[in-house]
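Reproduced below: protein-v4.cif, with mmCIF, C-alpha atoms.
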data_query
loop_
_atom_site.label_atom_id
_atom_site.label_comp_id
_atom_site.auth_asym_id
_atom_site.auth_seq_id
_atom_site.Cartn_x
_atom_site.Cartn_y
_atom_site.Cartn_z
CA MET R 22 130.55 -184.07 89.27
CA LYS R 23 130.00 -180.73 87.54
CA VAL R 24 129.27 -177.19 88.72
CA VAL R 25 126.30 -175.38 87.18
CA GLN R 26 127.42 -172.11 85.61
CA ASP R 27 125.75 -168.83 86.60
CA SER R 28 124.03 -168.93 83.20
CA GLY R 29 122.26 -172.14 84.29
CA SER R 30 124.11 -174.56 82.06
CA VAL R 31 126.38 -177.56 82.59
CA GLU R 32 129.10 -178.61 80.14
CA PHE R 33 129.29 -182.34 79.38
CA ARG R 34 131.31 -183.85 76.54
CA GLY R 35 131.66 -180.50 74.78
CA ILE R 36 127.95 -179.63 74.93
CA GLU R 37 126.28 -177.06 77.19
CA PHE R 38 123.04 -178.42 78.68
CA GLY R 39 120.66 -175.77 80.03
CA ILE R 40 119.07 -176.69 83.35
CA GLY R 41 118.08 -173.31 84.81
CA ARG R 42 119.73 -170.34 86.48
CA ALA R 43 118.24 -171.20 89.87
CA LEU R 44 120.87 -173.95 90.15
CA GLY R 45 123.84 -171.69 89.32
CA GLY R 46 126.90 -172.52 91.44
CA GLN R 47 125.54 -175.86 92.65
CA ARG R 48 127.22 -179.20 91.99
CA VAL R 49 125.35 -181.83 90.01
CA CYS R 50 125.97 -185.33 88.67
CA VAL R 51 125.76 -185.74 84.89
CA MET R 52 125.36 -189.22 83.40
CA ASP R 53 125.39 -190.65 79.91
CA ALA R 54 122.31 -192.90 80.03
CA GLY R 55 122.62 -194.27 76.49
CA LYS R 56 120.10 -192.33 74.40
CA THR R 57 119.83 -189.54 76.97
CA VAL R 58 121.89 -187.36 79.28
CA THR R 59 120.53 -187.23 82.83
CA ILE R 60 121.40 -184.60 85.42
CA PHE R 61 120.84 -185.20 89.12
CA ASP R 62 121.32 -183.11 92.25
CA LEU R 63 123.63 -184.46 94.96
CA HIS R 64 120.67 -186.14 96.69
CA GLY R 65 119.98 -188.25 93.58
CA THR R 66 116.90 -186.32 92.47
CA LEU R 67 116.52 -186.10 88.70
CA ILE R 68 116.72 -182.45 87.60
CA ILE R 69 116.40 -182.88 83.86
CA GLU R 70 116.84 -185.41 81.10
CA HIS R 71 117.89 -184.48 77.55
CA ALA R 72 118.04 -186.66 74.48
CA TRP R 73 121.53 -186.69 73.00
CA PRO R 74 121.64 -183.93 70.38
CA LYS R 75 122.72 -184.38 66.79
CA PRO R 76 126.49 -184.27 66.15
CA GLY R 77 127.82 -180.70 65.97
CA THR R 78 125.32 -179.33 68.51
CA THR R 79 126.99 -177.19 71.18
CA TYR R 80 123.97 -176.12 73.30
CA VAL R 81 120.75 -177.82 74.38
CA SER R 82 118.05 -175.63 75.94
CA ASN R 83 115.99 -176.55 78.97
CA ARG R 84 112.99 -175.52 76.82
CA ARG R 85 111.80 -172.91 79.32
CA THR R 86 111.24 -169.34 78.27
CA ARG R 87 113.19 -166.57 79.99
CA GLY R 88 111.56 -163.95 82.17
CA PRO R 89 108.08 -163.77 83.70
CA ALA R 90 105.13 -165.63 82.26
CA ARG R 91 103.15 -163.57 79.78
CA ASN R 92 99.43 -163.42 79.20
CA ARG R 93 99.16 -165.31 75.92
CA LEU R 94 96.04 -163.42 74.75
CA SER R 95 97.10 -159.84 75.32
CA GLY R 96 100.87 -160.24 75.18
CA MET R 97 101.14 -158.38 78.49
CA PRO R 98 103.03 -159.71 81.55
#

What's the structure tokens form of this structure?
Amino acid sequence: MKVVQDSGSVEFRGIEFGIGRALGGQRVCVMDAGKTVTIFDLHGTLIIEHAWPKPGTTYVSNRRTRGPARNRLSGMP
């Protein structure tokens, strides 16, 4: 069991895995699933799955951009 940091990441085996700030402070289960790392909430619902990063990697993003969605054509929010 791990606690999600306020920044939205969970540390597992020396790597920070980003899962989203909305889960900050909550407990999650992190599992080594062979080629991937899976993170579940306490009800067993899959939150996110990351491929294991290359050796030396210390952070894996959740691949979501920060802040509000932007209008891609005009560049305005």

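We find CA of Ile68 (chain R) and CA of Ala54 (chain R) to be spaced 14.1 Å apart.
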
Starting from the displayed file, determine the output of the PyMOL selection byres ((chain R and resi 69) around 9) and express the residue list as a compact mmCIF listing (two decimals) with C-alpha atoms, keeping the file's coordinate frame.
# COMPACT_ATOMS: atom_id res chain seq x y z
CA ILE R 40 119.07 -176.69 83.35
CA VAL R 58 121.89 -187.36 79.28
CA THR R 59 120.53 -187.23 82.83
CA ILE R 60 121.40 -184.60 85.42
CA PHE R 61 120.84 -185.20 89.12
CA LEU R 67 116.52 -186.10 88.70
CA ILE R 68 116.72 -182.45 87.60
CA GLU R 70 116.84 -185.41 81.10
CA HIS R 71 117.89 -184.48 77.55
CA ASN R 83 115.99 -176.55 78.97

Where does the PyMOL selection byres ((chain R and resi 31-34) around 12) land in this file, that is, which residues does it pick, as a PDB file with C-alpha atoms, keeping the file's coordinate frame?
ATOM      1  CA  MET R  22     130.550-184.070  89.270  1.00  0.00           C
ATOM      2  CA  LYS R  23     130.000-180.730  87.540  1.00  0.00           C
ATOM      3  CA  VAL R  24     129.270-177.190  88.720  1.00  0.00           C
ATOM      4  CA  VAL R  25     126.300-175.380  87.180  1.00  0.00           C
ATOM      5  CA  GLN R  26     127.420-172.110  85.610  1.00  0.00           C
ATOM      6  CA  ASP R  27     125.750-168.830  86.600  1.00  0.00           C
ATOM      7  CA  SER R  28     124.030-168.930  83.200  1.00  0.00           C
ATOM      8  CA  GLY R  29     122.260-172.140  84.290  1.00  0.00           C
ATOM      9  CA  SER R  30     124.110-174.560  82.060  1.00  0.00           C
ATOM     10  CA  GLY R  35     131.660-180.500  74.780  1.00  0.00           C
ATOM     11  CA  ILE R  36     127.950-179.630  74.930  1.00  0.00           C
ATOM     12  CA  GLU R  37     126.280-177.060  77.190  1.00  0.00           C
ATOM     13  CA  PHE R  38     123.040-178.420  78.680  1.00  0.00           C
ATOM     14  CA  GLY R  39     120.660-175.770  80.030  1.00  0.00           C
ATOM     15  CA  ILE R  40     119.070-176.690  83.350  1.00  0.00           C
ATOM     16  CA  GLY R  41     118.080-173.310  84.810  1.00  0.00           C
ATOM     17  CA  ARG R  42     119.730-170.340  86.480  1.00  0.00           C
ATOM     18  CA  LEU R  44     120.870-173.950  90.150  1.00  0.00           C
ATOM     19  CA  GLY R  45     123.840-171.690  89.320  1.00  0.00           C
ATOM     20  CA  GLY R  46     126.900-172.520  91.440  1.00  0.00           C
ATOM     21  CA  GLN R  47     125.540-175.860  92.650  1.00  0.00           C
ATOM     22  CA  ARG R  48     127.220-179.200  91.990  1.00  0.00           C
ATOM     23  CA  VAL R  49     125.350-181.830  90.010  1.00  0.00           C
ATOM     24  CA  CYS R  50     125.970-185.330  88.670  1.00  0.00           C
ATOM     25  CA  VAL R  51     125.760-185.740  84.890  1.00  0.00           C
ATOM     26  CA  MET R  52     125.360-189.220  83.400  1.00  0.00           C
ATOM     27  CA  ASP R  53     125.390-190.650  79.910  1.00  0.00           C
ATOM     28  CA  VAL R  58     121.890-187.360  79.280  1.00  0.00           C
ATOM     29  CA  THR R  59     120.530-187.230  82.830  1.00  0.00           C
ATOM     30  CA  ILE R  60     121.400-184.600  85.420  1.00  0.00           C
ATOM     31  CA  PHE R  61     120.840-185.200  89.120  1.00  0.00           C
ATOM     32  CA  ILE R  68     116.720-182.450  87.600  1.00  0.00           C
ATOM     33  CA  ILE R  69     116.400-182.880  83.860  1.00  0.00           C
ATOM     34  CA  HIS R  71     117.890-184.480  77.550  1.00  0.00           C
ATOM     35  CA  TRP R  73     121.530-186.690  73.000  1.00  0.00           C
ATOM     36  CA  PRO R  74     121.640-183.930  70.380  1.00  0.00           C
ATOM     37  CA  PRO R  76     126.490-184.270  66.150  1.00  0.00           C
ATOM     38  CA  GLY R  77     127.820-180.700  65.970  1.00  0.00           C
ATOM     39  CA  THR R  78     125.320-179.330  68.510  1.00  0.00           C
ATOM     40  CA  THR R  79     126.990-177.190  71.180  1.00  0.00           C
ATOM     41  CA  TYR R  80     123.970-176.120  73.300  1.00  0.00           C
ATOM     42  CA  VAL R  81     120.750-177.820  74.380  1.00  0.00           C
ATOM     43  CA  SER R  82     118.050-175.630  75.940  1.00  0.00           C
ATOM     44  CA  ASN R  83     115.990-176.550  78.970  1.00  0.00           C
TER      45      ASN R  83
END

Because some atoms of region 57-68 of chain R are absent here, can you restore all heavy atoms and send them as a short mmCIF file (atom, residue, chain, number, x, y, z; two decimals), keeping the file's coordinate frame?
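out_22.cif was written with the following content:
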data_model
loop_
_atom_site.label_atom_id
_atom_site.label_comp_id
_atom_site.auth_asym_id
_atom_site.auth_seq_id
_atom_site.Cartn_x
_atom_site.Cartn_y
_atom_site.Cartn_z
N THR R 57 120.08 -190.82 76.30
CA THR R 57 119.83 -189.54 76.97
C THR R 57 121.00 -189.15 77.86
O THR R 57 121.84 -189.97 78.20
CB THR R 57 118.56 -189.61 77.84
OG1 THR R 57 118.74 -190.61 78.85
CG2 THR R 57 117.32 -189.91 77.02
N VAL R 58 120.98 -187.88 78.27
CA VAL R 58 121.89 -187.36 79.28
C VAL R 58 121.01 -187.00 80.47
O VAL R 58 120.01 -186.28 80.31
CB VAL R 58 122.64 -186.10 78.79
CG1 VAL R 58 123.46 -185.49 79.90
CG2 VAL R 58 123.49 -186.43 77.60
N THR R 59 121.32 -187.52 81.64
CA THR R 59 120.53 -187.23 82.83
C THR R 59 121.37 -186.42 83.80
O THR R 59 122.57 -186.64 83.94
CB THR R 59 120.04 -188.52 83.50
OG1 THR R 59 121.15 -189.37 83.76
CG2 THR R 59 119.03 -189.25 82.63
N ILE R 60 120.72 -185.47 84.46
CA ILE R 60 121.40 -184.60 85.42
C ILE R 60 120.65 -184.68 86.74
O ILE R 60 119.44 -184.47 86.78
CB ILE R 60 121.47 -183.15 84.89
CG1 ILE R 60 122.19 -183.13 83.53
CG2 ILE R 60 122.18 -182.25 85.91
CD1 ILE R 60 122.17 -181.79 82.84
N PHE R 61 121.40 -185.01 87.80
CA PHE R 61 120.84 -185.20 89.12
C PHE R 61 121.46 -184.23 90.11
O PHE R 61 122.61 -183.83 89.95
CB PHE R 61 121.16 -186.61 89.64
CG PHE R 61 120.57 -187.71 88.81
CD1 PHE R 61 121.26 -188.23 87.72
CD2 PHE R 61 119.34 -188.25 89.13
CE1 PHE R 61 120.74 -189.26 86.96
CE2 PHE R 61 118.80 -189.28 88.38
CZ PHE R 61 119.49 -189.78 87.30
N ASP R 62 120.70 -183.87 91.17
CA ASP R 62 121.32 -183.11 92.25
C ASP R 62 122.11 -184.09 93.11
O ASP R 62 122.12 -185.30 92.86
CB ASP R 62 120.29 -182.30 93.05
CG ASP R 62 119.32 -183.15 93.86
OD1 ASP R 62 119.54 -184.37 94.05
OD2 ASP R 62 118.31 -182.58 94.31
N LEU R 63 122.78 -183.60 94.14
CA LEU R 63 123.63 -184.46 94.96
C LEU R 63 122.85 -185.39 95.87
O LEU R 63 123.43 -186.26 96.52
CB LEU R 63 124.62 -183.61 95.76
CG LEU R 63 125.62 -182.82 94.91
CD1 LEU R 63 126.62 -182.10 95.81
CD2 LEU R 63 126.34 -183.70 93.91
N HIS R 64 121.52 -185.24 95.92
CA HIS R 64 120.67 -186.14 96.69
C HIS R 64 120.13 -187.27 95.81
O HIS R 64 119.41 -188.14 96.29
CB HIS R 64 119.50 -185.38 97.32
CG HIS R 64 119.94 -184.30 98.24
ND1 HIS R 64 120.50 -184.54 99.48
CD2 HIS R 64 119.94 -182.95 98.09
CE1 HIS R 64 120.80 -183.39 100.05
NE2 HIS R 64 120.48 -182.41 99.24
N GLY R 65 120.45 -187.22 94.50
CA GLY R 65 119.98 -188.25 93.58
C GLY R 65 118.66 -187.94 92.91
O GLY R 65 118.11 -188.78 92.21
N THR R 66 118.15 -186.72 93.10
CA THR R 66 116.90 -186.32 92.47
C THR R 66 117.16 -185.90 91.03
O THR R 66 118.04 -185.08 90.77
CB THR R 66 116.27 -185.14 93.25
OG1 THR R 66 116.09 -185.53 94.61
CG2 THR R 66 114.94 -184.73 92.65
N LEU R 67 116.38 -186.46 90.11
CA LEU R 67 116.52 -186.10 88.70
C LEU R 67 116.11 -184.65 88.50
O LEU R 67 115.01 -184.25 88.88
CB LEU R 67 115.65 -187.01 87.83
CG LEU R 67 115.67 -186.72 86.33
CD1 LEU R 67 117.05 -186.98 85.74
CD2 LEU R 67 114.60 -187.54 85.62
N ILE R 68 117.01 -183.86 87.91
CA ILE R 68 116.72 -182.45 87.60
C ILE R 68 116.15 -182.34 86.20
O ILE R 68 115.12 -181.70 85.98
CB ILE R 68 117.99 -181.58 87.74
CG1 ILE R 68 118.48 -181.60 89.18
CG2 ILE R 68 117.72 -180.17 87.24
CD1 ILE R 68 119.84 -180.97 89.37
#
